[in-house]
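Participant: So here's entry-v7.cif, just mmCIF, C-alpha atoms:
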```
data_query
#
loop_
_atom_site.group_PDB
_atom_site.id
_atom_site.type_symbol
_atom_site.label_atom_id
_atom_site.label_comp_id
_atom_site.auth_asym_id
_atom_site.auth_seq_id
_atom_site.Cartn_x
_atom_site.Cartn_y
_atom_site.Cartn_z
ATOM 1 C CA MET A 758 0.000 0.000 0.000
ATOM 2 C CA GLU A 759 2.490 2.647 1.106
ATOM 3 C CA LYS A 760 6.057 2.574 2.272
ATOM 4 C CA MET A 761 6.736 2.853 6.007
ATOM 5 C CA GLU A 762 10.029 3.715 7.639
ATOM 6 C CA LYS A 763 10.839 3.436 11.325
ATOM 7 C CA LEU A 764 12.293 6.814 12.180
ATOM 8 C CA THR A 765 12.551 6.657 15.964
ATOM 9 C CA LYS A 766 12.687 4.087 18.682
ATOM 10 C CA GLU A 767 8.925 4.570 19.030
ATOM 11 C CA GLU A 768 8.629 3.456 15.377
ATOM 12 C CA VAL A 769 6.702 6.428 14.053
ATOM 13 C CA PRO A 770 5.383 5.392 10.609
ATOM 14 C CA VAL A 771 5.980 7.827 7.775
ATOM 15 C CA SER A 772 3.523 7.887 4.883
ATOM 16 C CA GLU A 773 5.014 8.321 1.452
ATOM 17 C CA PHE A 774 3.315 10.760 -0.916
ATOM 18 C CA ILE A 775 1.684 9.083 -3.931
ATOM 19 C CA ASP A 776 3.076 10.888 -6.969
ATOM 20 C CA ASP A 777 1.179 8.979 -9.650
ATOM 21 C CA VAL A 778 -2.299 8.098 -8.391
ATOM 22 C CA PRO A 779 -3.460 6.337 -11.607
ATOM 23 C CA ALA A 780 -0.387 4.076 -11.576
ATOM 24 C CA PHE A 781 -0.783 3.436 -7.834
ATOM 25 C CA VAL A 782 -4.456 2.481 -8.249
ATOM 26 C CA ALA A 783 -3.678 0.350 -11.331
ATOM 27 C CA THR A 784 -0.984 -1.534 -9.413
ATOM 28 C CA ALA A 785 -3.384 -2.089 -6.520
ATOM 29 C CA GLU A 786 -6.172 -3.226 -8.859
ATOM 30 C CA ALA A 787 -3.769 -5.680 -10.510
ATOM 31 C CA ALA A 788 -3.243 -7.108 -7.017
ATOM 32 C CA GLY A 789 -7.029 -7.375 -6.579
ATOM 33 C CA LYS A 790 -7.602 -4.258 -4.470
ATOM 34 C CA THR A 791 -10.319 -1.797 -5.398
ATOM 35 C CA PRO A 792 -10.013 1.925 -4.659
ATOM 36 C CA ASP A 793 -12.499 1.423 -1.811
ATOM 37 C CA VAL A 794 -10.215 -1.196 -0.270
ATOM 38 C CA LEU A 795 -7.249 1.171 -0.693
ATOM 39 C CA ILE A 796 -9.143 4.002 0.978
ATOM 40 C CA SER A 797 -10.213 1.684 3.789
ATOM 41 C CA GLY A 798 -6.574 0.713 4.356
ATOM 42 C CA PHE A 799 -5.523 4.349 4.457
ATOM 43 C CA GLN A 800 -8.340 5.127 6.890
ATOM 44 C CA ASP A 801 -7.137 2.317 9.155
ATOM 45 C CA ARG A 802 -3.646 3.817 8.970
ATOM 46 C CA LEU A 803 -5.122 7.209 9.849
ATOM 47 C CA LYS A 804 -6.828 5.769 12.938
ATOM 48 C CA GLY A 805 -3.528 4.235 14.031
ATOM 49 C CA LEU A 806 -1.728 7.539 13.519
ATOM 50 C CA LYS A 807 -4.338 9.411 15.564
ATOM 51 C CA LEU A 808 -3.955 6.901 18.398
ATOM 52 C CA LEU A 809 -0.165 7.180 18.235
ATOM 53 C CA GLU A 810 -0.420 10.988 18.255
ATOM 54 C CA GLN A 811 -2.654 10.871 21.327
ATOM 55 C CA THR A 812 -0.157 8.601 23.114
ATOM 56 C CA CYS A 813 2.722 10.962 22.285
ATOM 57 C CA MET A 814 0.709 13.989 23.432
ATOM 58 C CA GLN A 815 0.019 12.287 26.770
ATOM 59 C CA ARG A 816 3.724 11.472 27.142
ATOM 60 C CA LYS A 817 4.568 15.104 26.359
ATOM 61 C CA GLN A 818 2.107 16.376 28.983
ATOM 62 C CA ARG A 819 3.561 14.016 31.610
ATOM 63 C CA LEU A 820 7.068 15.259 30.853
ATOM 64 C CA LEU A 821 5.953 18.900 30.936
ATOM 65 C CA GLY A 822 4.454 18.230 34.378
ATOM 66 C CA LYS A 823 7.748 16.830 35.671
ATOM 67 C CA LEU A 824 9.998 19.659 34.446
ATOM 68 C CA PRO A 825 8.966 22.331 36.995
ATOM 69 C CA GLU A 826 9.361 19.891 39.898
ATOM 70 C CA MET A 827 12.822 18.873 38.713
ATOM 71 C CA ASP A 828 13.870 22.501 38.210
ATOM 72 C CA LYS A 829 12.623 23.398 41.686
ATOM 73 C CA ALA A 830 14.386 20.451 43.350
ATOM 74 C CA LEU A 831 17.628 21.231 41.518
ATOM 75 C CA ALA A 832 17.428 24.905 42.519
ATOM 76 C CA ILE A 833 16.987 23.943 46.175
ATOM 77 C CA VAL A 834 19.943 21.549 46.091
ATOM 78 C CA LYS A 835 22.095 24.229 44.435
ATOM 79 C CA GLN A 836 21.019 26.733 47.085
ATOM 80 C CA LEU A 837 22.019 24.291 49.819
ATOM 81 C CA LEU A 838 25.383 23.728 48.126
ATOM 82 C CA ASP A 839 25.939 27.497 47.879
ATOM 83 C CA ALA A 840 25.058 27.970 51.560
ATOM 84 C CA ASP A 841 28.181 25.970 52.415
ATOM 85 C CA GLY A 842 27.192 25.161 55.986
ATOM 86 C CA SER A 843 25.804 28.575 56.955
ATOM 87 C CA ALA A 844 22.340 28.869 58.527
ATOM 88 C CA MET A 845 19.391 29.339 56.166
ATOM 89 C CA SER A 846 15.708 30.056 56.698
ATOM 90 C CA ILE A 847 13.576 27.864 54.482
ATOM 91 C CA ASP A 848 9.817 27.955 53.916
ATOM 92 C CA PHE A 849 8.465 24.487 53.348
ATOM 93 C CA GLU A 850 5.032 23.045 52.766
ATOM 94 C CA LEU A 851 3.477 20.975 55.546
ATOM 95 C CA SER A 852 0.308 20.291 53.587
ATOM 96 C CA PRO A 853 -1.448 22.063 50.716
ATOM 97 C CA HIS A 854 -1.511 25.804 51.457
ATOM 98 C CA VAL A 855 0.124 25.350 54.882
ATOM 99 C CA TYR A 856 3.753 26.463 55.139
ATOM 100 C CA THR A 857 6.208 26.901 57.970
ATOM 101 C CA VAL A 858 9.680 28.361 58.358
ATOM 102 C CA ALA A 859 12.633 26.238 59.385
ATOM 103 C CA LYS A 860 16.227 27.185 60.015
ATOM 104 C CA VAL A 861 18.710 24.688 58.639
ATOM 105 C CA GLN A 862 22.440 24.669 59.104
ATOM 106 C CA ASP A 863 25.265 22.479 57.907
ATOM 107 C CA VAL A 864 23.112 20.383 55.550
ATOM 108 C CA LYS A 865 25.078 17.483 54.088
ATOM 109 C CA THR A 866 22.319 15.307 52.595
ATOM 110 C CA VAL A 867 18.871 15.565 51.032
ATOM 111 C CA ASN A 868 16.111 13.030 50.509
ATOM 112 C CA LEU A 869 14.765 12.720 46.965
ATOM 113 C CA TRP A 870 11.562 11.039 45.849
ATOM 114 C CA LEU A 871 12.457 8.602 43.100
ATOM 115 C CA GLY A 872 8.889 7.589 42.390
ATOM 116 C CA ALA A 873 6.673 4.650 43.309
ATOM 117 C CA GLY A 874 6.802 5.699 46.969
ATOM 118 C CA VAL A 875 10.594 5.437 47.149
ATOM 119 C CA MET A 876 12.702 8.108 48.847
ATOM 120 C CA VAL A 877 16.500 7.916 48.916
ATOM 121 C CA GLU A 878 19.009 9.999 50.871
ATOM 122 C CA TYR A 879 21.827 11.527 48.798
ATOM 123 C CA GLU A 880 24.866 13.676 49.494
ATOM 124 C CA LEU A 881 24.247 17.196 48.133
ATOM 125 C CA GLU A 882 26.686 16.908 45.220
ATOM 126 C CA GLU A 883 25.407 13.457 44.319
ATOM 127 C CA ALA A 884 21.821 14.761 44.427
ATOM 128 C CA ARG A 885 22.771 17.679 42.167
ATOM 129 C CA GLN A 886 24.339 15.311 39.633
ATOM 130 C CA LEU A 887 21.329 12.993 39.707
ATOM 131 C CA LEU A 888 18.841 15.841 39.313
ATOM 132 C CA GLU A 889 20.842 17.409 36.473
ATOM 133 C CA ALA A 890 21.017 14.047 34.691
ATOM 134 C CA ASN A 891 17.286 13.462 35.204
ATOM 135 C CA LEU A 892 16.489 16.972 33.995
ATOM 136 C CA ALA A 893 18.623 16.496 30.871
ATOM 137 C CA THR A 894 16.941 13.150 30.183
ATOM 138 C CA CYS A 895 13.501 14.690 30.662
ATOM 139 C CA LYS A 896 14.325 17.521 28.227
ATOM 140 C CA LEU A 897 15.691 15.023 25.696
ATOM 141 C CA ASN A 898 12.544 12.894 26.012
ATOM 142 C CA LEU A 899 10.418 16.018 25.584
ATOM 143 C CA SER A 900 12.341 16.927 22.443
ATOM 144 C CA THR A 901 11.871 13.389 21.120
ATOM 145 C CA ALA A 902 8.147 13.526 21.892
ATOM 146 C CA ASN A 903 7.853 16.845 20.044
ATOM 147 C CA SER A 904 9.668 15.505 16.982
ATOM 148 C CA ASP A 905 7.545 12.326 17.067
ATOM 149 C CA ILE A 906 4.378 14.438 17.201
ATOM 150 C CA ASP A 907 5.602 16.518 14.254
ATOM 151 C CA MET A 908 6.364 13.374 12.223
ATOM 152 C CA ILE A 909 2.983 11.882 13.095
ATOM 153 C CA LYS A 910 1.190 15.078 12.048
ATOM 154 C CA GLU A 911 3.102 15.138 8.763
ATOM 155 C CA SER A 912 2.288 11.475 8.151
ATOM 156 C CA THR A 913 -1.360 12.108 9.051
ATOM 157 C CA THR A 914 -1.575 14.955 6.549
ATOM 158 C CA THR A 915 0.050 12.846 3.831
ATOM 159 C CA THR A 916 -2.357 9.986 4.545
ATOM 160 C CA GLU A 917 -5.372 12.326 4.425
ATOM 161 C CA VAL A 918 -4.140 13.743 1.109
ATOM 162 C CA SER A 919 -3.667 10.201 -0.242
ATOM 163 C CA ILE A 920 -7.229 9.294 0.732
ATOM 164 C CA ALA A 921 -8.583 12.412 -0.978
ATOM 165 C CA ARG A 922 -6.504 11.895 -4.132
ATOM 166 C CA ILE A 923 -7.508 8.229 -4.499
ATOM 167 C CA PHE A 924 -11.165 9.083 -3.849
ATOM 168 C CA ASN A 925 -11.135 11.980 -6.343
ATOM 169 C CA TYR A 926 -9.354 9.866 -8.952
ATOM 170 C CA ASP A 927 -11.919 7.082 -8.529
ATOM 171 C CA VAL A 928 -14.848 9.535 -8.776
ATOM 172 C CA GLU A 929 -13.362 11.125 -11.910
ATOM 173 C CA ARG A 930 -12.691 7.712 -13.451
ATOM 174 C CA ARG A 931 -16.262 6.576 -12.758
ATOM 175 C CA ARG A 932 -17.656 9.829 -14.156
ATOM 176 C CA LYS A 933 -15.663 9.388 -17.379
ATOM 177 C CA ALA A 934 -16.719 5.735 -17.629
ATOM 178 C CA LYS A 935 -20.363 6.791 -17.211
ATOM 179 C CA GLU A 936 -19.975 9.484 -19.896
ATOM 180 C CA VAL A 937 -18.482 6.910 -22.275
ATOM 181 C CA ALA A 938 -21.277 4.451 -21.476
ATOM 182 C CA ASP A 939 -23.922 7.160 -21.967
ATOM 183 C CA ALA A 940 -22.323 8.216 -25.274
ATOM 184 C CA GLU A 941 -22.248 4.600 -26.485
ATOM 185 C CA ALA A 942 -25.863 4.084 -25.429
ATOM 186 C CA ALA A 943 -26.929 7.244 -27.267
ATOM 187 C CA ALA A 944 -25.097 6.201 -30.448
#
```
What would you get if you wrote out this structure as C-alpha cells?
Facilitator:
Amino acid sequence: MEKMEKLTKEEVPVSEFIDDVPAFVATAEAAGKTPDVLISGFQDRLKGLKLLEQTCMQRKQRLLGKLPEMDKALAIVKQLLDADGSAMSIDFELSPHVYTVAKVQDVKTVNLWLGAGVMVEYELEEARQLLEANLATCKLNLSTANSDIDMIKESTTTTEVSIARIFNYDVERRRKAKEVADAEAAA
C-alpha cells in the first residue's frame, strides 16, 4: 500500500506521498484491491496515527508536568550547596496551602523522591548530579516527543491527502466511464 520507515525508537510510521495516483491504483487493482479497499486501508492507517499521536501527546504532557518539579528540586539543592554550611531560613510546605519556616544549618544530605513511593538519601553533590542528569533526560525525552508528534502530524496529513486523491481519482474515473457508457448508449 504505502512505504513505512521506522524513524525513531517509538517506530513512528511515515507515509510516502503518492506521486502517480493512476499508476498506484492500477498496481493495486492488478493485485485485486479496489479503490475502496485502498481508501479503507488508508483510513485504518489514519486511525492508528491518531492513536499514536494521542499517546505521544500524553507522554509530552507528563514530561511537561515533571519539568517544573525537577527545576525546583535542583534549585533547592544548588542553594544548599551554595550555603556551604551557613544557617538558612527555608519555607516548606506541611500540607497544601500550609507552610512553615525552618532554620537549617550544615546540611550534608537531602532526601529525593524517586517515584513509586521510594525516597533515597543523597549527598548534596550526588543529588545535584542525579537531578541534572534526570532533567537532561527529561528535556531530551520532551524533544523526542515533540519531533515524534511533528512526524505523526506530517504522516497524518500525507495519509489524508492520499485518501482524498484516491477518492477523487476514482470519482473522476467513474464519471468518465459513465460518460463513455452514456455516449455509447446514445449512439
Participant: For the atom pair CA of Asp776 (chain A) and CA of Thr916 (chain A), what is the interatomic distance in Å to one decimal place?
Facilitator: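 Interatomic distance, CA of Asp776 (chain A) to CA of Thr916 (chain A): 12.8 Å.
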Participant: Convert the output of the PyMOL selection byres ((chain A and resi 868) around 8) on the shown file into explicit residues, formatted as a PDB file with C-alpha atoms, in the frame of the given file.
Facilitator:
```
ATOM      1  CA  THR A 866      22.319  15.307  52.595  1.00  0.00           C
ATOM      2  CA  VAL A 867      18.871  15.565  51.032  1.00  0.00           C
ATOM      3  CA  LEU A 869      14.765  12.720  46.965  1.00  0.00           C
ATOM      4  CA  TRP A 870      11.562  11.039  45.849  1.00  0.00           C
ATOM      5  CA  MET A 876      12.702   8.108  48.847  1.00  0.00           C
ATOM      6  CA  VAL A 877      16.500   7.916  48.916  1.00  0.00           C
ATOM      7  CA  GLU A 878      19.009   9.999  50.871  1.00  0.00           C
ATOM      8  CA  TYR A 879      21.827  11.527  48.798  1.00  0.00           C
TER       9      TYR A 879
END
```
Participant: Need to verify the contact set: Phe924 (chain A), 12 Å, only C-alpha atoms, exclusion of same-chain residues closer than 4 positions in sequence. Can you return it as a list in words?
Facilitator: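 So the residues in contact are Val778, Pro779, Val782, Thr791, Pro792, Asp793, Val794, Leu795, Ile796, Ser797, Phe799, Gln800, Glu917, Val918, Ser919, Ile920, Val928, Glu929, Arg930 and Arg931 of chain A.
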Participant: Please, what distance in Å, to one decimal, runs between CA of Asn903 (chain A) and CA of Val771 (chain A)?
Facilitator: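 Between CA of Asn903 (chain A) and CA of Val771 (chain A) the gap is 15.3 Å.
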Participant: Looking at A:Lys790, A:Arg816, A:Lys804, A:His854, which one is nearest to Ala902 (chain A), with distances taken over only C-alpha atoms?
Facilitator: A:Arg816
Participant: Do you have the CA of Ala840 (chain A)-CA of Asn891 (chain A) distance handy?
Facilitator: 23.2 Å
Participant: Find the residues around Phe781 (chain A) up to 10 Å (all atoms listed in the file counted), leave out those fewer than 4 positions away in its own chain, and share them as number ranges by chain.
Facilitator: A: 758-759, 775-777, 785-787, 792, 795, 923
Participant: Which polymer residues have any atom within 12 Å of an atom of Ala890 (chain A), counting all atoms listed in the file, with same-chain residues fewer than 5 positions away left out, as an MDAnalysis selection string?
Facilitator: chainID A and resid 827:828 831 883:885 895:897
